[in-house]
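What's in structure_14.cif: mmCIF, C-alpha atoms and all ligand atoms
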data_target
loop_
_atom_site.label_atom_id
_atom_site.label_comp_id
_atom_site.auth_asym_id
_atom_site.auth_seq_id
_atom_site.Cartn_x
_atom_site.Cartn_y
_atom_site.Cartn_z
CA MET U 1366 -8.57 -50.43 -3.48
CA SER U 1367 -8.51 -46.96 -2.01
CA GLU U 1368 -7.71 -46.09 1.57
CA GLN U 1369 -10.78 -43.94 1.95
CA THR U 1370 -13.46 -45.12 4.31
CA THR U 1371 -16.90 -43.70 4.61
CA THR U 1372 -19.55 -43.42 7.25
CA PRO U 1373 -22.86 -43.10 5.50
CA THR U 1374 -24.69 -40.96 8.00
CA VAL U 1375 -27.20 -38.32 7.02
CA GLU U 1376 -26.42 -36.03 9.97
CA GLY U 1377 -23.22 -34.85 8.33
CA THR U 1378 -25.16 -32.95 5.69
CA ALA U 1379 -26.65 -30.51 8.19
CA PRO U 1380 -24.06 -27.70 7.96
CA ASP U 1381 -24.38 -27.59 4.17
CA GLY U 1382 -28.01 -26.60 3.96
CA ASP U 1383 -27.64 -25.72 0.29
CA VAL U 1384 -26.20 -29.08 -0.74
CA LEU U 1385 -28.62 -31.06 -2.93
CA VAL U 1386 -26.41 -34.06 -3.66
CA GLU U 1387 -23.57 -35.44 -1.65
CA ALA U 1388 -21.60 -38.45 -2.81
CA ARG U 1389 -19.40 -39.98 -0.12
CA GLY U 1390 -16.65 -42.43 -0.93
CA ILE U 1391 -18.47 -43.79 -3.97
CA LYS U 1392 -16.97 -46.90 -5.50
CA VAL U 1393 -18.34 -48.87 -8.40
CA HIS U 1394 -16.33 -51.99 -9.16
CA PHE U 1395 -17.53 -54.21 -11.99
CA PRO U 1396 -16.55 -57.87 -11.68
CA ILE U 1397 -14.71 -59.38 -14.63
CA LYS U 1398 -16.05 -62.90 -15.02
CA ARG U 1399 -14.68 -65.88 -16.84
CA GLY U 1400 -16.07 -69.38 -17.40
CA VAL U 1401 -19.50 -70.37 -18.58
CA ILE U 1402 -20.42 -72.77 -15.81
CA PHE U 1403 -18.77 -71.41 -12.69
CA ASP U 1404 -18.90 -67.74 -13.61
CA LYS U 1405 -15.63 -67.14 -11.83
CA THR U 1406 -14.67 -63.56 -10.96
CA ILE U 1407 -11.10 -63.05 -12.12
CA GLY U 1408 -10.77 -59.35 -11.41
CA HIS U 1409 -12.57 -56.03 -11.26
CA VAL U 1410 -12.91 -52.90 -13.30
CA TYR U 1411 -12.42 -50.12 -10.76
CA ALA U 1412 -14.63 -47.75 -12.74
CA VAL U 1413 -15.25 -45.40 -9.81
CA ASP U 1414 -12.91 -45.80 -6.89
CA GLY U 1415 -13.61 -43.44 -4.03
CA VAL U 1416 -15.29 -40.20 -5.07
CA ASP U 1417 -16.55 -37.54 -2.68
CA LEU U 1418 -18.40 -34.61 -4.12
CA LYS U 1419 -21.13 -32.17 -3.25
CA ILE U 1420 -23.45 -30.40 -5.64
CA ARG U 1421 -25.16 -27.30 -4.32
CA ARG U 1422 -28.70 -26.34 -5.13
CA GLY U 1423 -28.95 -24.32 -8.33
CA GLU U 1424 -25.37 -24.87 -9.44
CA THR U 1425 -23.91 -26.67 -12.41
CA TYR U 1426 -21.20 -29.15 -11.55
CA GLY U 1427 -19.14 -30.17 -14.54
CA LEU U 1428 -17.40 -33.52 -14.50
CA VAL U 1429 -14.62 -33.83 -17.03
CA GLY U 1430 -12.05 -36.48 -17.89
CA GLU U 1431 -10.85 -38.78 -20.62
CA SER U 1432 -13.17 -41.41 -22.04
CA GLY U 1433 -13.33 -44.45 -19.74
CA CYS U 1434 -12.36 -42.60 -16.55
CA GLY U 1435 -15.70 -43.39 -14.90
CA LYS U 1436 -17.80 -40.25 -15.47
CA SER U 1437 -20.95 -42.01 -16.70
CA THR U 1438 -20.69 -44.71 -14.05
CA LEU U 1439 -20.48 -42.06 -11.33
CA GLY U 1440 -23.50 -40.27 -12.81
CA ARG U 1441 -25.44 -43.53 -12.84
CA ALA U 1442 -24.38 -44.37 -9.30
CA ILE U 1443 -25.86 -41.07 -8.13
CA LEU U 1444 -29.22 -42.21 -9.52
CA LYS U 1445 -28.72 -45.70 -8.08
CA LEU U 1446 -29.02 -47.00 -11.63
CA GLU U 1447 -25.66 -48.56 -10.82
CA PRO U 1448 -25.68 -49.65 -7.19
CA PRO U 1449 -22.39 -48.49 -5.63
CA THR U 1450 -20.00 -51.17 -4.37
CA ASP U 1451 -19.26 -48.84 -1.48
CA GLY U 1452 -20.10 -45.35 -0.30
CA SER U 1453 -23.35 -43.47 -0.21
CA VAL U 1454 -25.32 -40.82 -2.02
CA ILE U 1455 -27.32 -38.36 0.03
CA PHE U 1456 -29.92 -36.66 -2.12
CA ASP U 1457 -31.94 -33.85 -0.57
CA GLY U 1458 -31.06 -35.18 2.89
CA ILE U 1459 -31.95 -38.82 2.15
CA ASP U 1460 -29.51 -41.70 1.70
CA ILE U 1461 -30.55 -43.09 -1.69
CA ALA U 1462 -29.24 -46.57 -0.77
CA THR U 1463 -31.98 -46.90 1.86
CA LEU U 1464 -34.71 -46.43 -0.74
CA GLU U 1465 -36.35 -49.36 -2.51
CA GLY U 1466 -39.37 -49.94 -4.75
CA GLU U 1467 -41.99 -47.21 -4.70
CA GLU U 1468 -39.95 -44.85 -2.54
CA LEU U 1469 -36.96 -45.09 -4.88
CA ARG U 1470 -39.21 -44.59 -7.89
CA ARG U 1471 -40.65 -41.42 -6.36
CA LYS U 1472 -37.21 -40.08 -5.49
CA ARG U 1473 -36.04 -40.78 -9.04
CA GLN U 1474 -38.64 -38.31 -10.26
CA ASP U 1475 -36.43 -35.63 -8.70
CA ILE U 1476 -33.39 -36.79 -10.67
CA GLN U 1477 -33.66 -37.02 -14.43
CA MET U 1478 -31.10 -37.91 -17.06
CA VAL U 1479 -30.35 -36.38 -20.41
CA PHE U 1480 -28.29 -38.69 -22.60
CA GLN U 1481 -25.72 -38.22 -25.32
CA ASP U 1482 -27.70 -39.87 -28.06
CA PRO U 1483 -31.35 -38.82 -27.95
CA LEU U 1484 -32.27 -41.22 -30.75
CA SER U 1485 -31.39 -44.27 -28.70
CA SER U 1486 -32.99 -42.91 -25.54
CA LEU U 1487 -36.31 -42.03 -27.24
CA ASP U 1488 -38.55 -44.92 -28.32
CA PRO U 1489 -38.91 -44.45 -32.12
CA ARG U 1490 -42.45 -45.88 -32.08
CA GLN U 1491 -43.80 -43.27 -29.69
CA SER U 1492 -44.99 -39.84 -30.73
CA VAL U 1493 -43.52 -36.83 -28.92
CA GLU U 1494 -46.83 -36.42 -27.10
CA SER U 1495 -46.66 -39.96 -25.82
CA LEU U 1496 -42.95 -39.67 -24.95
CA LEU U 1497 -43.52 -36.54 -22.90
CA PHE U 1498 -46.72 -37.76 -21.28
CA GLU U 1499 -45.29 -41.13 -20.23
CA GLY U 1500 -43.28 -39.86 -17.27
CA MET U 1501 -46.02 -37.50 -16.14
CA LYS U 1502 -48.48 -40.39 -16.06
CA ALA U 1503 -46.08 -42.71 -14.26
CA HIS U 1504 -45.50 -40.11 -11.56
CA GLY U 1505 -49.17 -39.15 -11.25
CA ILE U 1506 -48.69 -35.61 -12.59
CA ALA U 1507 -51.46 -36.08 -15.19
CA LYS U 1508 -54.06 -38.83 -15.68
CA ASN U 1509 -54.57 -38.59 -19.41
CA ALA U 1510 -53.01 -36.97 -22.45
CA LYS U 1511 -55.86 -34.46 -22.76
CA GLU U 1512 -55.34 -33.18 -19.25
CA ALA U 1513 -51.59 -33.06 -19.83
CA ARG U 1514 -51.75 -31.22 -23.15
CA PRO U 1515 -51.36 -27.61 -21.92
CA ARG U 1516 -48.32 -28.65 -19.91
CA LEU U 1517 -46.87 -30.53 -22.88
CA VAL U 1518 -47.25 -27.46 -25.07
CA GLU U 1519 -45.57 -25.38 -22.36
CA LEU U 1520 -42.68 -27.84 -22.16
CA LEU U 1521 -42.15 -27.77 -25.90
CA GLU U 1522 -42.25 -23.99 -25.88
CA ALA U 1523 -39.63 -23.97 -23.10
CA VAL U 1524 -37.27 -26.00 -25.28
CA GLY U 1525 -38.05 -24.02 -28.43
CA LEU U 1526 -40.29 -26.45 -30.32
CA PRO U 1527 -43.76 -25.78 -31.78
CA GLU U 1528 -46.98 -27.46 -30.61
CA ALA U 1529 -47.13 -29.32 -33.91
CA ALA U 1530 -44.15 -31.38 -32.76
CA LEU U 1531 -46.43 -33.32 -30.40
CA ALA U 1532 -47.87 -35.41 -33.23
CA LYS U 1533 -44.49 -36.27 -34.74
CA TYR U 1534 -42.02 -39.09 -34.13
CA PRO U 1535 -38.32 -38.87 -33.12
CA HIS U 1536 -36.99 -39.71 -36.59
CA GLU U 1537 -38.74 -36.65 -38.03
CA PHE U 1538 -36.43 -34.30 -36.11
CA SER U 1539 -32.81 -33.21 -36.41
CA GLY U 1540 -30.25 -34.23 -33.77
CA GLY U 1541 -30.50 -30.90 -31.98
CA GLN U 1542 -34.31 -31.01 -31.98
CA ARG U 1543 -34.26 -34.54 -30.64
CA GLN U 1544 -32.02 -33.42 -27.80
CA ARG U 1545 -34.56 -30.68 -27.08
CA ILE U 1546 -37.24 -33.38 -26.85
CA GLY U 1547 -34.98 -35.36 -24.50
CA ILE U 1548 -34.61 -32.28 -22.32
CA ALA U 1549 -38.37 -31.58 -22.38
CA ARG U 1550 -38.94 -35.18 -21.32
CA ALA U 1551 -36.56 -34.79 -18.40
CA LEU U 1552 -38.34 -31.57 -17.40
CA SER U 1553 -41.82 -33.09 -17.65
CA VAL U 1554 -41.68 -34.55 -14.14
CA ASN U 1555 -40.38 -31.38 -12.44
CA PRO U 1556 -36.98 -32.72 -11.40
CA LYS U 1557 -34.60 -31.03 -8.97
CA LEU U 1558 -31.44 -32.44 -10.50
CA ILE U 1559 -30.63 -33.18 -14.12
CA VAL U 1560 -27.70 -35.45 -14.84
CA ALA U 1561 -26.71 -34.62 -18.41
CA ASP U 1562 -24.26 -37.21 -19.72
CA GLU U 1563 -22.38 -35.83 -22.74
CA PRO U 1564 -25.53 -33.88 -23.70
CA VAL U 1565 -24.04 -32.27 -26.80
CA SER U 1566 -21.26 -34.68 -27.84
CA ALA U 1567 -23.28 -36.11 -30.71
CA LEU U 1568 -24.28 -32.71 -32.12
CA ASP U 1569 -22.74 -30.31 -34.65
CA VAL U 1570 -20.74 -27.48 -33.10
CA SER U 1571 -23.27 -24.74 -33.89
CA VAL U 1572 -26.09 -26.86 -32.48
CA GLN U 1573 -24.01 -27.69 -29.39
CA ALA U 1574 -23.91 -24.01 -28.49
CA GLN U 1575 -27.69 -23.70 -28.86
CA VAL U 1576 -28.37 -26.69 -26.64
CA ILE U 1577 -25.88 -25.51 -24.00
CA ASN U 1578 -27.51 -22.07 -23.98
CA LEU U 1579 -30.93 -23.69 -23.72
CA LEU U 1580 -29.81 -25.74 -20.71
CA GLU U 1581 -28.59 -22.54 -19.06
CA ASP U 1582 -31.86 -20.71 -19.72
CA LEU U 1583 -33.90 -23.62 -18.37
CA GLN U 1584 -31.78 -23.78 -15.24
CA GLU U 1585 -32.74 -20.23 -14.40
CA GLU U 1586 -36.38 -20.65 -15.37
CA PHE U 1587 -36.95 -23.88 -13.46
CA GLY U 1588 -34.42 -23.51 -10.64
CA LEU U 1589 -32.57 -26.66 -11.69
CA THR U 1590 -29.33 -28.17 -10.44
CA TYR U 1591 -27.12 -29.83 -13.06
CA LEU U 1592 -24.45 -32.46 -13.12
CA VAL U 1593 -22.98 -32.14 -16.60
CA VAL U 1594 -20.68 -34.93 -17.65
CA ALA U 1595 -18.46 -34.28 -20.65
CA HIS U 1596 -15.06 -35.12 -22.07
CA ASP U 1597 -15.00 -31.74 -23.81
CA LEU U 1598 -13.39 -29.01 -21.73
CA ALA U 1599 -14.94 -26.22 -23.78
CA VAL U 1600 -18.48 -27.45 -23.05
CA VAL U 1601 -17.79 -27.91 -19.35
CA ARG U 1602 -16.07 -24.57 -19.04
CA HIS U 1603 -18.93 -22.63 -20.51
CA ILE U 1604 -21.71 -24.17 -18.49
CA SER U 1605 -20.16 -25.04 -15.10
CA ASP U 1606 -19.97 -23.16 -11.83
CA ARG U 1607 -17.65 -25.79 -10.43
CA ILE U 1608 -15.65 -28.49 -12.14
CA GLY U 1609 -14.39 -31.86 -11.03
CA VAL U 1610 -11.57 -33.41 -13.06
CA MET U 1611 -11.59 -37.21 -13.05
CA TYR U 1612 -8.73 -39.56 -13.78
CA LEU U 1613 -9.07 -43.35 -13.58
CA GLY U 1614 -12.06 -43.47 -11.25
CA ALA U 1615 -11.19 -40.63 -8.91
CA LEU U 1616 -11.27 -36.85 -8.73
CA VAL U 1617 -7.83 -35.31 -9.09
CA GLU U 1618 -8.92 -31.70 -8.80
CA GLU U 1619 -12.05 -29.76 -8.00
CA ALA U 1620 -12.50 -26.00 -8.18
CA GLU U 1621 -14.70 -23.09 -9.19
CA ALA U 1622 -14.65 -23.05 -13.00
CA ASP U 1623 -12.85 -19.69 -13.21
CA ASP U 1624 -10.17 -20.72 -10.70
CA LEU U 1625 -9.58 -24.00 -12.48
CA TYR U 1626 -9.05 -22.30 -15.81
CA ALA U 1627 -6.98 -19.46 -14.37
CA ALA U 1628 -4.65 -21.65 -12.32
CA PRO U 1629 -5.01 -25.41 -12.64
CA LEU U 1630 -2.88 -27.06 -9.96
CA HIS U 1631 -2.92 -30.80 -10.55
CA PRO U 1632 -0.41 -31.98 -13.17
CA TYR U 1633 -3.17 -33.77 -15.08
CA THR U 1634 -5.40 -30.69 -15.14
CA ARG U 1635 -2.43 -28.57 -16.20
CA ALA U 1636 -1.78 -30.93 -19.09
CA LEU U 1637 -5.42 -30.84 -20.16
CA MET U 1638 -5.58 -27.06 -19.98
CA SER U 1639 -2.31 -26.61 -21.82
CA ALA U 1640 -3.80 -28.39 -24.79
CA VAL U 1641 -6.82 -26.08 -25.10
CA PRO U 1642 -6.12 -23.57 -27.87
CA VAL U 1643 -6.05 -19.90 -26.82
CA PRO U 1644 -7.37 -17.43 -29.41
CA ASP U 1645 -4.67 -14.79 -28.64
CA PRO U 1646 -1.55 -15.77 -30.68
CA VAL U 1647 0.86 -14.01 -28.27
CA ILE U 1648 -0.48 -15.89 -25.24
CA GLU U 1649 -0.70 -19.06 -27.32
CA ASP U 1650 3.04 -18.83 -28.09
CA ARG U 1651 4.11 -18.14 -24.51
CA ARG U 1652 1.98 -20.47 -22.51
CA GLU U 1653 2.98 -23.76 -20.97
CA GLN U 1654 2.56 -26.78 -23.23
CA ILE U 1655 2.44 -30.15 -21.54
CA LEU U 1656 2.06 -33.19 -23.72
CA LEU U 1657 0.83 -36.27 -21.97
CA THR U 1658 2.76 -39.36 -22.91
CA GLY U 1659 1.49 -42.88 -22.60
CA ASP U 1660 -2.03 -44.19 -22.80
CA LEU U 1661 -4.63 -44.09 -20.08
CA PRO U 1662 -3.91 -47.20 -17.96
CA SER U 1663 -6.62 -49.83 -17.66
CA PRO U 1664 -9.12 -49.28 -14.83
CA SER U 1665 -8.92 -53.02 -14.16
CA ASN U 1666 -5.26 -52.67 -13.26
CA PRO U 1667 -4.76 -49.09 -12.08
CA PRO U 1668 -1.25 -47.88 -11.16
CA THR U 1669 -0.31 -47.99 -7.49
CA GLY U 1670 -0.03 -44.84 -5.38
CA CYS U 1671 -0.99 -41.82 -7.43
CA ARG U 1672 -2.80 -43.19 -10.46
CA PHE U 1673 -1.34 -40.49 -12.63
CA HIS U 1674 2.28 -41.38 -11.82
CA THR U 1675 2.82 -43.34 -15.04
CA ARG U 1676 2.20 -40.18 -17.08
CA CYS U 1677 3.10 -37.39 -14.68
CA PRO U 1678 5.88 -34.99 -15.75
CA TRP U 1679 6.43 -33.99 -12.08
CA ARG U 1680 6.57 -37.52 -10.63
CA GLN U 1681 8.90 -37.86 -7.63
CA GLU U 1682 10.89 -40.83 -6.31
CA THR U 1683 9.03 -40.77 -3.01
CA LYS U 1684 5.31 -41.13 -2.41
CA CYS U 1685 4.08 -40.93 -6.01
CA GLU U 1686 4.25 -44.66 -6.70
CA THR U 1687 3.38 -45.82 -3.20
CA GLU U 1688 0.86 -43.49 -1.55
CA ARG U 1689 -2.47 -42.57 -3.00
CA PRO U 1690 -2.92 -38.80 -2.62
CA VAL U 1691 -6.19 -37.56 -1.14
CA LEU U 1692 -8.14 -34.59 -2.44
CA ARG U 1693 -7.12 -31.69 -0.19
CA VAL U 1694 -6.97 -27.91 -0.06
CA PRO U 1695 -3.37 -27.02 -0.94
CA GLU U 1696 -1.36 -24.72 1.30
CA ILE U 1697 -0.72 -22.08 -1.30
CA ALA U 1698 -1.27 -18.39 -0.59
CA GLY U 1699 -4.11 -16.89 -2.56
CA VAL U 1700 -5.67 -20.20 -3.59
CA ASN U 1701 -9.43 -20.30 -3.10
CA PRO U 1702 -10.16 -22.79 -0.27
CA SER U 1703 -12.77 -24.45 -2.47
CA GLN U 1704 -9.98 -25.67 -4.78
CA ARG U 1705 -8.95 -29.21 -3.87
CA VAL U 1706 -6.13 -31.17 -5.43
CA ALA U 1707 -5.05 -34.81 -5.13
CA CYS U 1708 -1.29 -34.53 -5.54
CA HIS U 1709 1.44 -35.01 -2.91
CA TRP U 1710 3.57 -32.26 -4.39
CA THR U 1711 1.06 -29.53 -5.29
CA GLU U 1712 2.79 -26.83 -3.23
CA GLN U 1713 6.29 -27.65 -4.50
CA ILE U 1714 5.09 -27.79 -8.10
CA ALA U 1715 3.29 -24.44 -7.77
CA SER U 1716 6.36 -22.76 -6.24
CA GLY U 1717 8.68 -24.17 -8.89
CA GLU U 1718 10.69 -26.10 -6.32
CA ILE U 1719 9.90 -29.25 -8.27
CA GLU U 1720 10.38 -28.95 -11.97
CA ARG U 1721 8.84 -30.73 -14.86
CA HIS U 1722 10.88 -33.52 -16.40
CA ALA U 1723 10.58 -35.87 -19.31
CA VAL U 1724 8.36 -38.88 -18.79
CA THR U 1725 9.88 -42.19 -19.70
CA ALA U 1726 6.74 -43.83 -20.90
CA THR U 1727 5.83 -45.06 -24.34
CA ALA U 1728 6.33 -42.16 -26.71
CA THR U 1729 3.15 -40.54 -27.93
CA GLU U 1730 2.66 -38.26 -30.86
CA ALA U 1731 2.30 -34.58 -30.10
CA GLY U 1732 -1.36 -33.69 -30.07
CA ASP U 1733 -2.37 -37.08 -28.74
CA LEU U 1734 -5.06 -35.26 -26.78
CA ASP U 1735 -6.60 -33.34 -29.58
CA THR U 1736 -7.34 -36.10 -32.01
CA GLY U 1737 -10.04 -38.68 -32.29
CA PRO U 1738 -13.70 -38.67 -31.39
CA ASP U 1739 -13.08 -38.42 -27.65
CA SER U 1740 -10.85 -35.39 -27.78
CA LEU U 1741 -10.89 -33.49 -24.52
CA MET U 1742 -10.82 -30.24 -26.40
CA GLY U 1743 -13.70 -30.93 -28.68
CA PRO U 1744 -13.91 -28.88 -31.83
CA ALA U 1745 -11.96 -25.64 -31.29
CA SER U 1746 -14.80 -23.56 -32.58
CA ILE U 1747 -17.31 -24.38 -29.87
CA SER U 1748 -15.72 -21.79 -27.59
CA GLU U 1749 -16.28 -19.24 -30.32
CA ALA U 1750 -19.79 -20.48 -31.01
CA LEU U 1751 -20.81 -20.07 -27.37
N1 LIG U 1801 -21.53 -52.42 -16.91
C1 LIG U 1801 -20.21 -52.45 -16.97
N2 LIG U 1801 -19.51 -53.60 -16.80
C2 LIG U 1801 -18.16 -53.62 -16.84
N3 LIG U 1801 -17.39 -52.54 -17.05
C3 LIG U 1801 -18.02 -51.37 -17.24
C4 LIG U 1801 -19.45 -51.24 -17.23
N4 LIG U 1801 -19.78 -49.94 -17.43
C5 LIG U 1801 -18.62 -49.29 -17.59
N5 LIG U 1801 -17.56 -50.12 -17.47
C6 LIG U 1801 -16.13 -49.77 -17.56
O1 LIG U 1801 -15.88 -48.83 -16.53
C7 LIG U 1801 -14.96 -47.85 -16.98
C8 LIG U 1801 -15.59 -46.47 -16.86
O2 LIG U 1801 -16.63 -46.36 -17.81
P1 LIG U 1801 -17.54 -45.07 -17.98
O3 LIG U 1801 -18.11 -44.71 -16.67
O4 LIG U 1801 -18.49 -45.32 -19.09
O5 LIG U 1801 -16.47 -43.96 -18.40
P2 LIG U 1801 -16.68 -42.54 -19.09
O6 LIG U 1801 -18.13 -42.18 -19.00
O7 LIG U 1801 -15.80 -41.62 -18.33
O8 LIG U 1801 -16.23 -42.70 -20.50
C9 LIG U 1801 -14.60 -48.23 -18.42
O9 LIG U 1801 -13.41 -48.97 -18.38
C10 LIG U 1801 -15.75 -49.09 -18.84
O10 LIG U 1801 -15.35 -50.02 -19.81
S1 LIG U 1802 1.32 -37.22 -6.68
FE1 LIG U 1802 3.19 -37.39 -7.88
S2 LIG U 1802 2.61 -38.54 -9.73
FE2 LIG U 1802 0.75 -37.82 -8.75
S3 LIG U 1802 0.26 -35.93 -9.76
FE3 LIG U 1802 1.45 -35.39 -7.94
S4 LIG U 1802 3.58 -35.33 -8.63
FE4 LIG U 1802 2.41 -36.38 -10.20
MG MG U 1803 -19.48 -41.72 -20.52
#
Kindly transcribe the structure held in the file into structure tokens.
Amino acid sequence: MSEQTTTPTVEGTAPDGDVLVEARGIKVHFPIKRGVIFDKTIGHVYAVDGVDLKIRRGETYGLVGESGCGKSTLGRAILKLEPPTDGSVIFDGIDIATLEGEELRRKRQDIQMVFQDPLSSLDPRQSVESLLFEGMKAHGIAKNAKEARPRLVELLEAVGLPEAALAKYPHEFSGGQRQRIGIARALSVNPKLIVADEPVSALDVSVQAQVINLLEDLQEEFGLTYLVVAHDLAVVRHISDRIGVMYLGALVEEAEADDLYAAPLHPYTRALMSAVPVPDPVIEDRREQILLTGDLPSPSNPPTGCRFHTRCPWRQETKCETERPVLRVPEIAGVNPSQRVACHWTEQIASGEIERHAVTATATEAGDLDTGPDSLMGPASISEAL
């Protein structure tokens, strides 16, 4: 679908010595099948459709976007849990696609996942001791539970749980405690990268803050690199060094977290940011409010050109519907060169030369973004809780 082509060579990583993960032109297209006998492919879900990103050692990269935009699929593609349709992932200088069997298994030790719902990712029949020991055994870190015990106690201590937790089962813990166990399990095999997919979305606001703070403490203690996937801007803002904003399978903007919040440039990011409540009532009254109209289009039939054109309040007659914009550093004075934006008209929008206009899409209620379980804002109070 996209015009981007990739050359999966490892040599290109050399100048970025501090890059731990590099995704190049990643695409994950799921076939849509019909028919019991012939299993005919009648289309594709373009879940991830050409993503390039780099995650540096020791940083937290936050990936944010509406539900269904392809965040989890991208995270899974980085682990090769979802083999990419196209593109490559270079992890620690090695092209993951070239790894199979034992080699892949060993590399996976370096990349661990923390999931949204710890209850479904932890086997209810296993004690915490067995859950934590499992990975260590599989990766040859410890031969038996006795030998592993001091390390298990250390792991629990790191995530704020007592030694007595070892003998208990997942159902005996609260949601927040279970997520701590999930994190301890990820840590048990000494990973380099943790992909945390909506790690606090299922938790109460006060507990969310505790788990986010814990993840930050552990990053420092264990020198971890994080890819944090979330639909909640408040969570991503607090934890991330850099943020990638996804829309329908592609990144529309990428920037240092502070730059993105101070001056979002892509129309979609601006709309998302404008919906985040600001505690100061004077600023709250004055600031730009952009309400997105229309629903997120289907990833099986994405709009042509710029995928955001069906909802974009700055859409232009030329280019927007016909040419897919690439992620590029805009030519705007004072903008950090690490900020990249996929919009044909970034400069003209920033200067005011192009003005916002009404979008003639299906009318949507005001506050469309801040309702429902997948709200991009999350509960307003998490920012205060953090
Ligand atoms: N295994 C799969 N088969 C078919 N479609 C899938 C599969 N996994 C995800 N999708 C679709 O891909 C799109 C992106 O999904 P996902 O990566 O889970 O988004 P997000 O994590 O941003 O909510 C969605 O439309 C989803 O329905
Ligand atoms: S390229 Fe056009 S439609 Fe897309 S974000 Fe920019 S102005 Fe809007
Ligand atoms: Mg997801």
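When only C-alpha atoms and all ligand atoms are used to compute distances to ligand LIG 1801 (chain U), the closest of the residues U:Leu1568, U:Leu1385, U:Val1724, U:Leu1446 turns out to be U:Leu1446.
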*asked:* At a cut-off of 7 Å and counting all atoms listed in the file, what residues surround ligand MG 1803 (chain U)? Please answer as a list in words.
replied: Ser1432, Gly1433, Gly1435, Lys1436, Ser1437, Asp1562 and Glu1563 of chain U
_Protein and nucleic residues near ligand LIG 1802 (chain U), 8 Å, all atoms listed in the file, as a ChimeraX atom specification_ = /U:1631-1633,1670-1681,1684-1686,1689-1690,1707-1711,1714
Create the file for the chosen residues now, containing C-alpha atoms and written as a PDB file, keeping the file's coordinate frame.
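Result went into part_29.pdb, see below:
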ATOM      1  CA  HIS U1631      -2.920 -30.800 -10.550  1.00  0.00           C
ATOM      2  CA  PRO U1632      -0.410 -31.980 -13.170  1.00  0.00           C
ATOM      3  CA  TYR U1633      -3.170 -33.770 -15.080  1.00  0.00           C
ATOM      4  CA  GLY U1670      -0.030 -44.840  -5.380  1.00  0.00           C
ATOM      5  CA  CYS U1671      -0.990 -41.820  -7.430  1.00  0.00           C
ATOM      6  CA  ARG U1672      -2.800 -43.190 -10.460  1.00  0.00           C
ATOM      7  CA  PHE U1673      -1.340 -40.490 -12.630  1.00  0.00           C
ATOM      8  CA  HIS U1674       2.280 -41.380 -11.820  1.00  0.00           C
ATOM      9  CA  THR U1675       2.820 -43.340 -15.040  1.00  0.00           C
ATOM     10  CA  ARG U1676       2.200 -40.180 -17.080  1.00  0.00           C
ATOM     11  CA  CYS U1677       3.100 -37.390 -14.680  1.00  0.00           C
ATOM     12  CA  PRO U1678       5.880 -34.990 -15.750  1.00  0.00           C
ATOM     13  CA  TRP U1679       6.430 -33.990 -12.080  1.00  0.00           C
ATOM     14  CA  ARG U1680       6.570 -37.520 -10.630  1.00  0.00           C
ATOM     15  CA  GLN U1681       8.900 -37.860  -7.630  1.00  0.00           C
ATOM     16  CA  LYS U1684       5.310 -41.130  -2.410  1.00  0.00           C
ATOM     17  CA  CYS U1685       4.080 -40.930  -6.010  1.00  0.00           C
ATOM     18  CA  GLU U1686       4.250 -44.660  -6.700  1.00  0.00           C
ATOM     19  CA  ARG U1689      -2.470 -42.570  -3.000  1.00  0.00           C
ATOM     20  CA  PRO U1690      -2.920 -38.800  -2.620  1.00  0.00           C
ATOM     21  CA  ALA U1707      -5.050 -34.810  -5.130  1.00  0.00           C
ATOM     22  CA  CYS U1708      -1.290 -34.530  -5.540  1.00  0.00           C
ATOM     23  CA  HIS U1709       1.440 -35.010  -2.910  1.00  0.00           C
ATOM     24  CA  TRP U1710       3.570 -32.260  -4.390  1.00  0.00           C
ATOM     25  CA  THR U1711       1.060 -29.530  -5.290  1.00  0.00           C
ATOM     26  CA  ILE U1714       5.090 -27.790  -8.100  1.00  0.00           C
TER      27      ILE U1714
END
*Could you pull the residues within 9 Å of U:Gln1654, counting all atoms listed in the file, minus those fewer than 4 positions along the same chain, as an NGL selection string?*
:U and (1635-1636 or 1638-1640)
Per-residue nearest contacts chain U to ligand LIG 1801 (chain U), cut-off 9 Å, using all atoms listed in the file, as CSV:
residue,atom,partner,partner_atom,distance
U:Val1393,CA,U:LIG1801,O1,8.5
U:His1394,CA,U:LIG1801,N3,8.0
U:Phe1395,CA,U:LIG1801,C2,4.9
U:Pro1396,CA,U:LIG1801,C2,6.9
U:Ile1397,CA,U:LIG1801,C2,7.1
U:His1409,CA,U:LIG1801,C2,8.3
U:Val1410,CA,U:LIG1801,N3,5.9
U:Tyr1411,CA,U:LIG1801,O1,6.9
U:Ala1412,CA,U:LIG1801,O1,4.1
U:Val1413,CA,U:LIG1801,C8,7.1
U:Val1429,CA,U:LIG1801,O7,8.0
U:Gly1430,CA,U:LIG1801,O7,6.4
U:Glu1431,CA,U:LIG1801,O7,6.1
U:Ser1432,CA,U:LIG1801,O8,3.7
U:Gly1433,CA,U:LIG1801,O5,3.4
U:Cys1434,CA,U:LIG1801,O7,4.0
U:Gly1435,CA,U:LIG1801,O3,3.3
U:Lys1436,CA,U:LIG1801,O7,3.7
U:Ser1437,CA,U:LIG1801,O6,3.6
U:Thr1438,CA,U:LIG1801,O3,3.7
U:Leu1439,CA,U:LIG1801,O3,6.4
U:Gly1440,CA,U:LIG1801,O3,8.0
U:Arg1441,CA,U:LIG1801,O3,8.4
U:Glu1447,CA,U:LIG1801,N1,8.3
U:Asp1562,CA,U:LIG1801,O6,7.9
U:Glu1563,CA,U:LIG1801,O6,8.5
U:Val1594,CA,U:LIG1801,O6,7.8
U:Ala1595,CA,U:LIG1801,O6,8.1
U:His1596,CA,U:LIG1801,O7,7.5
U:Met1611,CA,U:LIG1801,O7,8.1
U:Tyr1612,CA,U:LIG1801,O7,8.7
U:Leu1613,CA,U:LIG1801,C8,7.9
U:Gly1614,CA,U:LIG1801,C8,7.3
U:Ser1663,CA,U:LIG1801,O9,6.9
U:Pro1664,CA,U:LIG1801,O9,5.6
U:Ser1665,CA,U:LIG1801,O9,7.4
U:Asp1739,CA,U:LIG1801,O8,8.9
